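Student: The structure file data39.cif (mmCIF, C-alpha atoms) is provided below.
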data_start
#
loop_
_atom_site.label_atom_id
_atom_site.label_comp_id
_atom_site.auth_asym_id
_atom_site.auth_seq_id
_atom_site.Cartn_x
_atom_site.Cartn_y
_atom_site.Cartn_z
CA MET A 13 0.00 0.00 0.00
CA SER A 14 1.09 3.57 -0.58
CA GLU A 15 -0.28 6.99 0.18
CA ILE A 16 -0.12 10.19 -1.84
CA GLN A 17 -0.76 13.58 -0.28
CA GLU A 18 0.09 15.87 -3.13
CA VAL A 19 -1.06 16.19 -6.70
CA PRO A 20 -0.88 14.39 -9.01
CA GLY A 21 -2.45 11.39 -7.27
CA ALA A 22 -5.32 9.13 -8.22
CA ILE A 23 -6.73 5.73 -7.31
CA GLU A 24 -9.00 3.31 -9.12
CA GLY A 25 -10.73 0.19 -7.88
CA GLU A 26 -13.89 -1.84 -7.60
CA GLU A 27 -14.68 -0.28 -4.26
CA ILE A 28 -13.28 2.93 -2.79
CA VAL A 29 -14.00 4.37 0.64
CA LEU A 30 -14.06 8.15 0.65
CA THR A 31 -13.99 10.03 3.94
CA GLY A 32 -14.05 13.73 4.70
CA LEU A 33 -16.00 16.58 6.20
CA LYS A 34 -17.95 17.66 3.15
CA ILE A 35 -18.81 14.93 0.68
CA ALA A 36 -21.36 15.63 -2.02
CA PRO A 37 -22.50 14.16 -5.31
CA LYS A 38 -22.22 17.00 -7.79
CA GLY A 39 -23.39 17.70 -11.29
CA ALA A 40 -24.92 15.56 -13.97
CA PRO A 41 -23.44 12.17 -14.89
CA ILE A 42 -20.45 12.21 -17.22
CA GLN A 43 -20.21 10.13 -20.36
CA ILE A 44 -16.87 8.34 -20.67
CA LYS A 45 -16.71 6.21 -23.80
CA SER A 46 -19.86 4.10 -23.65
CA ASN A 47 -20.22 4.27 -19.86
CA ILE A 48 -21.71 6.90 -17.64
CA VAL A 49 -20.24 7.78 -14.27
CA PHE A 50 -21.61 9.73 -11.32
CA PRO A 51 -19.32 12.46 -9.97
CA VAL A 52 -18.67 13.16 -6.32
CA THR A 53 -16.55 15.78 -4.59
CA ILE A 54 -14.99 16.22 -1.16
CA THR A 55 -14.04 19.78 -0.39
CA ARG A 56 -12.78 19.43 3.19
CA ARG A 57 -10.19 16.96 4.50
CA GLY A 58 -10.73 14.19 2.03
CA THR A 59 -9.22 10.75 1.83
CA GLY A 60 -9.83 7.96 -0.64
CA GLU A 61 -8.73 4.38 -0.09
CA ILE A 62 -9.12 1.31 -2.27
CA SER A 63 -11.06 -1.27 -0.27
CA LYS A 64 -11.51 -3.69 -3.15
CA ALA A 65 -9.03 -3.71 -6.02
CA TYR A 66 -9.82 -4.59 -9.62
CA SER A 67 -9.20 -8.22 -10.42
CA PRO A 68 -7.05 -8.40 -12.49
CA PRO A 69 -5.55 -4.93 -11.87
CA LYS A 70 -6.18 -2.73 -14.91
CA HIS A 71 -6.34 1.01 -15.52
CA LYS A 72 -9.74 2.07 -16.76
CA PHE A 73 -9.65 5.85 -16.42
CA LYS A 74 -6.13 7.15 -15.91
CA LYS A 75 -2.87 5.40 -16.63
CA THR A 76 -1.12 6.85 -13.57
CA SER A 77 -3.74 5.76 -11.01
CA MET A 78 -2.74 3.49 -8.14
CA LEU A 79 -4.55 0.14 -8.22
CA ASN A 80 -3.53 -1.89 -5.16
CA LEU A 81 -5.64 -2.69 -2.15
CA ALA A 82 -5.29 -0.02 0.58
CA ASP A 83 -3.61 2.48 -1.74
CA LYS A 84 -4.65 5.89 -0.51
CA ILE A 85 -4.84 9.56 -1.45
CA SER A 86 -5.52 12.38 0.97
CA GLY A 87 -5.76 16.14 0.80
CA ARG A 88 -7.98 19.16 1.10
CA HIS A 89 -10.00 18.65 -2.04
CA LEU A 90 -10.76 15.42 -3.89
CA TRP A 91 -13.04 14.55 -6.71
CA GLY A 92 -14.00 11.27 -8.29
CA PHE A 93 -16.82 9.18 -9.65
CA SER A 94 -18.32 5.73 -9.71
CA SER A 95 -20.29 3.90 -12.35
CA SER A 96 -23.13 3.27 -9.92
CA PRO A 97 -25.21 6.16 -8.57
CA ILE A 98 -24.68 7.22 -4.99
CA THR A 99 -27.59 6.34 -2.72
CA ARG A 100 -28.36 6.66 0.96
CA LYS A 101 -26.95 3.21 1.67
CA ASN A 102 -23.50 4.30 0.41
CA VAL A 103 -23.25 7.19 2.85
CA GLY A 104 -22.49 7.18 6.56
CA LYS A 105 -21.41 9.43 9.39
CA GLY A 106 -18.55 9.19 11.83
CA GLN A 107 -15.95 6.43 11.80
CA LYS A 108 -12.94 7.22 9.64
CA GLY A 109 -13.83 10.76 8.71
CA ARG A 110 -14.27 11.91 12.28
CA SER A 111 -12.46 14.99 13.59
CA GLY A 112 -12.52 16.83 16.91
CA ARG A 113 -15.33 19.16 15.88
CA HIS A 114 -17.05 17.19 13.15
CA THR A 115 -18.57 13.72 13.16
CA GLY A 116 -17.15 13.19 9.67
CA GLN A 117 -18.72 11.51 6.68
CA PHE A 118 -17.84 8.50 4.64
CA LEU A 119 -19.00 7.26 1.30
CA VAL A 120 -18.44 3.86 -0.27
CA ILE A 121 -18.44 3.96 -4.05
CA THR A 122 -18.66 0.74 -6.01
CA GLU A 123 -18.24 -0.90 -9.44
CA ASN A 124 -15.78 1.12 -11.55
CA CYS A 125 -14.49 3.84 -9.25
CA PHE A 126 -11.99 6.63 -9.56
CA ALA A 127 -10.81 9.33 -7.14
CA GLU A 128 -8.22 12.02 -7.72
CA LEU A 129 -6.53 14.66 -5.61
CA VAL A 130 -7.39 18.18 -6.65
CA HIS A 131 -5.71 19.98 -3.78
CA GLY A 132 -3.24 18.06 -1.65
CA TRP A 133 -1.90 18.60 1.84
CA LYS A 134 1.50 19.47 0.50
CA GLY A 135 3.14 20.33 -2.76
CA ASP A 136 2.30 23.37 -4.81
CA ALA A 137 0.97 21.97 -8.05
CA LEU A 138 -2.65 22.91 -7.56
CA PRO A 139 -2.80 24.92 -4.34
CA SER A 140 -4.48 28.06 -5.58
CA HIS A 141 -8.15 28.64 -5.65
CA PRO A 142 -9.09 29.45 -9.26
CA LYS A 143 -10.18 32.95 -8.27
CA LYS A 144 -6.91 33.70 -6.49
CA THR A 145 -4.95 32.34 -9.44
CA LEU A 146 -6.78 34.70 -11.76
CA GLU A 147 -6.17 37.65 -9.45
CA THR A 148 -2.45 36.85 -9.40
CA GLU A 149 -2.48 36.65 -13.17
CA ASP A 150 -4.09 40.08 -13.42
CA GLU A 151 -1.40 41.78 -11.34
CA MET B 7 -11.39 66.21 -24.98
CA SER B 8 -10.36 62.70 -26.08
CA ASP B 9 -7.85 61.81 -28.77
CA ILE B 10 -10.72 60.81 -31.00
CA ASP B 11 -12.42 64.20 -30.51
CA ASN B 12 -9.16 65.89 -31.34
CA TYR B 13 -8.84 63.72 -34.37
CA CYS B 14 -12.38 64.63 -35.49
CA ASN B 15 -11.51 68.28 -35.21
CA VAL B 16 -8.53 67.65 -37.41
CA CYS B 17 -10.84 66.05 -39.99
CA GLN B 18 -13.32 68.87 -39.74
CA TYR B 19 -10.98 71.79 -39.96
CA ASN B 20 -8.03 70.45 -41.88
CA SER B 21 -9.64 67.95 -44.22
CA GLY B 22 -6.74 68.14 -46.61
CA SER B 23 -4.19 66.84 -44.07
CA THR B 24 -5.55 63.64 -42.48
CA PRO B 25 -3.03 61.24 -40.91
CA SER B 26 -1.68 58.59 -43.29
CA ASN B 27 -2.68 55.61 -41.04
CA TYR B 28 -6.05 55.60 -39.42
CA ASP B 29 -9.01 53.29 -38.99
CA ILE B 30 -12.03 54.77 -37.28
CA ILE B 31 -15.72 54.12 -37.11
CA ALA B 32 -17.98 57.16 -37.00
CA ARG B 33 -21.51 57.95 -35.93
CA VAL B 34 -23.20 60.84 -37.71
CA TRP B 35 -26.47 62.22 -36.49
CA GLN B 36 -28.63 65.31 -36.49
CA THR B 37 -31.32 66.46 -34.11
CA SER B 38 -34.04 69.08 -34.52
CA ASP B 39 -32.09 71.33 -32.11
CA SER B 40 -29.02 71.18 -34.29
CA SER B 41 -30.50 71.00 -37.76
CA ASP B 42 -27.95 73.39 -39.19
CA TYR B 43 -24.96 71.09 -38.51
CA LEU B 44 -24.11 67.39 -38.22
CA ASN B 45 -22.90 65.76 -35.02
CA ILE B 46 -20.06 63.31 -35.53
CA THR B 47 -18.42 61.06 -32.98
CA ALA B 48 -15.77 58.56 -33.89
CA THR B 49 -13.80 55.82 -32.25
CA ASP B 50 -11.02 53.46 -33.16
CA THR B 51 -12.53 50.58 -35.19
CA LYS B 52 -10.44 47.87 -33.54
CA SER B 53 -11.42 48.74 -29.95
CA PHE B 54 -15.03 49.25 -31.03
CA PHE B 55 -15.27 45.75 -32.49
CA GLU B 56 -13.29 44.22 -29.62
CA LYS B 57 -16.00 45.47 -27.27
CA ILE B 58 -18.72 44.00 -29.47
CA PHE B 59 -16.91 40.62 -29.64
CA GLU B 60 -16.43 40.67 -25.88
CA ILE B 61 -20.17 41.12 -25.36
CA SER B 62 -20.94 38.48 -27.97
CA ASN B 63 -18.53 35.97 -26.35
CA GLU B 64 -19.99 36.60 -22.94
CA ASN B 65 -23.45 36.09 -24.36
CA LYS B 66 -22.41 32.77 -25.93
CA LEU B 67 -20.82 31.60 -22.69
CA LEU B 68 -23.86 32.53 -20.63
CA ARG B 69 -26.20 30.75 -23.02
CA ALA B 70 -24.06 27.60 -22.84
CA THR B 71 -23.85 27.89 -19.05
CA LEU B 72 -27.59 28.29 -18.72
CA LYS B 73 -28.08 25.14 -20.81
CA ASN B 74 -25.59 23.19 -18.67
CA LEU B 75 -27.16 24.29 -15.43
CA TRP B 76 -30.64 23.59 -16.70
CA ASN B 77 -29.49 20.07 -17.55
CA VAL B 78 -27.97 19.67 -14.08
CA SER B 79 -31.12 21.04 -12.46
CA LYS B 80 -33.36 18.59 -14.32
CA TYR B 81 -30.99 15.74 -13.46
CA ASN B 82 -30.98 16.74 -9.78
CA HIS B 83 -34.78 16.60 -9.69
CA GLU B 84 -34.69 13.09 -11.10
CA TYR B 85 -31.91 12.14 -8.70
CA ILE B 86 -33.96 13.35 -5.74
CA SER B 87 -36.89 11.27 -6.98
CA PHE B 88 -34.58 8.26 -7.25
CA LEU B 89 -33.31 8.80 -3.70
CA LEU B 90 -36.91 9.01 -2.51
CA GLY B 91 -37.53 5.61 -4.06
CA GLN B 92 -39.67 6.71 -6.99
CA TYR B 93 -37.44 4.99 -9.56
CA THR B 94 -35.83 1.57 -9.60
CA ASP B 95 -32.09 1.29 -10.25
CA LYS B 96 -32.79 0.24 -13.84
CA GLU B 97 -35.19 3.13 -14.50
CA PHE B 98 -32.72 5.61 -13.05
CA ALA B 99 -29.86 4.20 -15.14
CA ILE B 100 -31.89 4.94 -18.30
CA LEU B 101 -32.69 8.45 -17.08
CA ALA B 102 -29.09 9.17 -16.10
CA GLN B 103 -27.94 8.18 -19.57
CA LYS B 104 -30.24 10.85 -20.96
CA PHE B 105 -28.63 13.57 -18.82
CA ALA B 106 -25.03 12.41 -19.15
CA THR B 107 -22.71 15.08 -20.51
CA LYS B 108 -19.48 14.82 -22.45
CA PRO B 109 -17.08 17.38 -21.00
CA ASP B 110 -15.33 19.61 -23.49
CA LEU B 111 -11.67 18.56 -23.68
CA ASP B 112 -10.60 20.62 -26.67
CA ILE B 113 -11.12 24.12 -25.36
CA ASP B 114 -8.27 26.56 -25.87
CA LYS B 115 -6.41 27.40 -22.64
CA ASN B 116 -6.76 31.17 -23.06
CA LYS B 117 -10.44 30.80 -23.85
CA LEU B 118 -10.92 28.71 -20.71
CA ILE B 119 -9.20 31.34 -18.54
CA GLU B 120 -11.37 34.04 -20.12
CA ASN B 121 -14.52 31.99 -19.43
CA ILE B 122 -13.54 31.34 -15.82
CA SER B 123 -12.89 35.09 -15.36
CA ILE B 124 -16.37 35.86 -16.63
CA ILE B 125 -17.93 33.32 -14.25
CA PHE B 126 -16.03 34.81 -11.31
CA SER B 127 -17.05 38.32 -12.32
CA ILE B 128 -20.68 37.19 -12.03
CA ILE B 129 -20.47 34.75 -9.10
CA ASP B 130 -18.01 36.38 -6.75
CA ASP B 131 -17.80 33.44 -4.37
CA GLU B 132 -14.54 31.89 -3.21
CA SER B 133 -16.30 28.65 -2.33
CA LEU B 134 -16.66 28.02 -6.05
CA THR B 135 -14.26 25.16 -6.68
CA SER B 136 -12.79 23.75 -9.86
CA HIS B 137 -15.40 21.00 -9.69
CA ASP B 138 -18.15 23.65 -9.56
CA LEU B 139 -16.57 25.39 -12.52
CA SER B 140 -16.44 22.10 -14.40
CA THR B 141 -20.18 21.67 -13.79
CA ILE B 142 -21.00 25.24 -14.81
CA LEU B 143 -18.81 25.21 -17.91
CA ASN B 144 -19.12 21.49 -18.73
CA ILE B 145 -15.36 21.16 -18.89
CA ASP B 146 -13.28 18.38 -17.41
CA CYS B 147 -12.29 19.15 -13.79
CA SER B 148 -8.65 18.14 -14.24
CA LEU B 149 -8.39 20.32 -17.35
CA ILE B 150 -9.51 23.32 -15.29
CA GLU B 151 -7.02 22.42 -12.57
CA SER B 152 -4.11 21.99 -14.94
CA THR B 153 -4.92 25.24 -16.75
CA MET B 154 -5.22 27.20 -13.52
CA SER B 155 -2.11 25.64 -12.00
CA SER B 156 -0.09 26.64 -15.04
CA LEU B 157 -0.88 30.26 -14.13
CA SER B 158 0.27 30.06 -10.52
#
If you convert what's in this file into structure tokens, what do you get?
Tutor:
Amino acid sequence: MSEIQEVPGAIEGEEIVLTGLKIAPKGAPIQIKSNIVFPVTITRRGTGEISKAYSPPKHKFKKTSMLNLADKISGRHLWGFSSSPITRKNVGKGQKGRSGRHTGQFLVITENCFAELVHGWKGDALPSHPKKTLETEDE
Amino acid sequence: MSDIDNYCNVCQYNSGSTPSNYDIIARVWQTSDSSDYLNITATDTKSFFEKIFEISNENKLLRATLKNLWNVSKYNHEYISFLLGQYTDKEFAILAQKFATKPDLDIDKNKLIENISIIFSIIDDESLTSHDLSTILNIDCSLIESTMSSLS
């Protein structure tokens, strides 16, 4: 198992557990080749961990994704998707996502799943909020 | 008095000695109060048309955005119905297919930055993330991230 805390970092698997303080399905489904996937985003303290790896291991969305069981990404902002829609039974409170002031949330996505770091804990590849980046550009 | 006004005066009073390089667009009008002379205002053609293109581009972007958000809104209504148990998994899969979007992957980087600037000039909210922008603009989230990170 390995963990990535800075971009670029992505995981893929048959089942991924996402934890964080603000998890939300967002936007309409996305068409990728002949499949549709349902996007999800975590905008506060997100982690994603493969709880069931593809068998056999094979990249389906991004060639650089990690594929092994317990491979993990964590950071401030994550996004991803699964090929099955997110329902109430996929979502829970507490457990892994817990923090001192927040009960935390977790989400189990299944079938063909992908999660990617947008904003990591360290590194400076994608640290700026788009608005701030634009303001810097204007100066 | 602006440069253009000065330039107009030059045209009016010294019509035989206009500058060798110029490109202006002029408006000529007359009112009942000033029926004995013509009013003329002029501006540089390039900047005049740049403003028109800017408005036209913004209009195009807003129309596309409205369509995207309308699609998302309709999908969200169906999704809520699904979560409330009004659709089976199979029924929802068919519906979701109908609303699925193909994000634009071929957009020019400068165009994307321009579009994001317009969105931020309208929705001045720092909680707007790259994922939100990807929903609003129907552009791949990682493409937005990589474009924005190349600026920082």
Student: Residues picked by the PyMOL selection byres ((chain A and resi 53-57) around 10) here, as a VMD selection string?
Tutor: (chain A and resid 30 to 39 51 to 52 58 to 60 86 to 93 109 111 116 to 117 127 to 133) or (chain B and resid 133 135 137 to 138)
Student: Distance cut-off 6 Å, counting only C-alpha atoms - which residues of chain B neighbour chain A? Return them as a PyMOL selection string.
Tutor: chain B and resi 78+106-108+141+155+158
Student: Quick one: write out the picked residues with C-alpha atoms as a tab-separated table (two decimals), keeping the file's coordinate frame?
Tutor:
chain	number	residue	atom	x	y	z
B	78	VAL	CA	-27.97	19.67	-14.08
B	106	ALA	CA	-25.03	12.41	-19.15
B	107	THR	CA	-22.71	15.08	-20.51
B	108	LYS	CA	-19.48	14.82	-22.45
B	141	THR	CA	-20.18	21.67	-13.79
B	155	SER	CA	-2.11	25.64	-12.00
B	158	SER	CA	0.27	30.06	-10.52
Student: As a list in words, please: the residues near Asn80 in chain A (cut-off 7 Å, only C-alpha atoms, same-chain neighbours under 3 positions excluded).
Tutor: Met13, Ala65 and Asp83 of chain A
Student: Write out as number ranges by chain each polymer residue whose atoms come within 10 Å of Trp76 in chain B, counting only C-alpha atoms; drop sequence neighbours fewer than 6 positions from it.
Tutor: B: 70, 82, 142
Student: Could you expand the PyMOL selection byres ((chain A and resi 126) around 9) into the explicit residues it covers here, written as a list of chain:residue names?
Tutor: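 Checking the PyMOL selection byres ((chain A and resi 126) around 9) against this file, the residues are A:Ala22, A:Ile23, A:Glu24, A:Gly25, A:Glu26, A:Ile28, A:Lys72, A:Phe73, A:Lys74, A:Ser77, A:Trp91, A:Gly92, A:Phe93, A:Ser94, A:Ile121, A:Asn124, A:Cys125, A:Ala127, A:Glu128.
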Student: State, in Å with one decimal place, the distance from CA of Lys73 in chain B to CA of Asp130 in chain B.
Tutor: 20.6 Å
Student: Taking the file as I've supplied it (selection: the PyMOL selection byres ((chain B and resi 116) around 12)), which residues are included? Please answer as a PyMOL selection string.
Tutor: (chain A and resi 146) or (chain B and resi 112-115+117-123+150+153-154+156-157)
Student: Between CA of Met78 in chain A and CA of Ile145 in chain B, what is the spacing in Å?
Tutor: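 CA of Met78 in chain A lies 24.2 Å from CA of Ile145 in chain B.
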Student: Could you tell me how far CA of Ser14 in chain A lies from CA of Lys84 in chain A, in Å and to one decimal?
Tutor: 6.2 Å
Student: Write out as a PyMOL selection string each polymer residue whose atoms come within 7 Å of range 41-52 of chain B, counting all atoms listed in the file; drop sequence neighbours fewer than 4 positions from it.
Tutor: chain B and resi 10+29-37+56
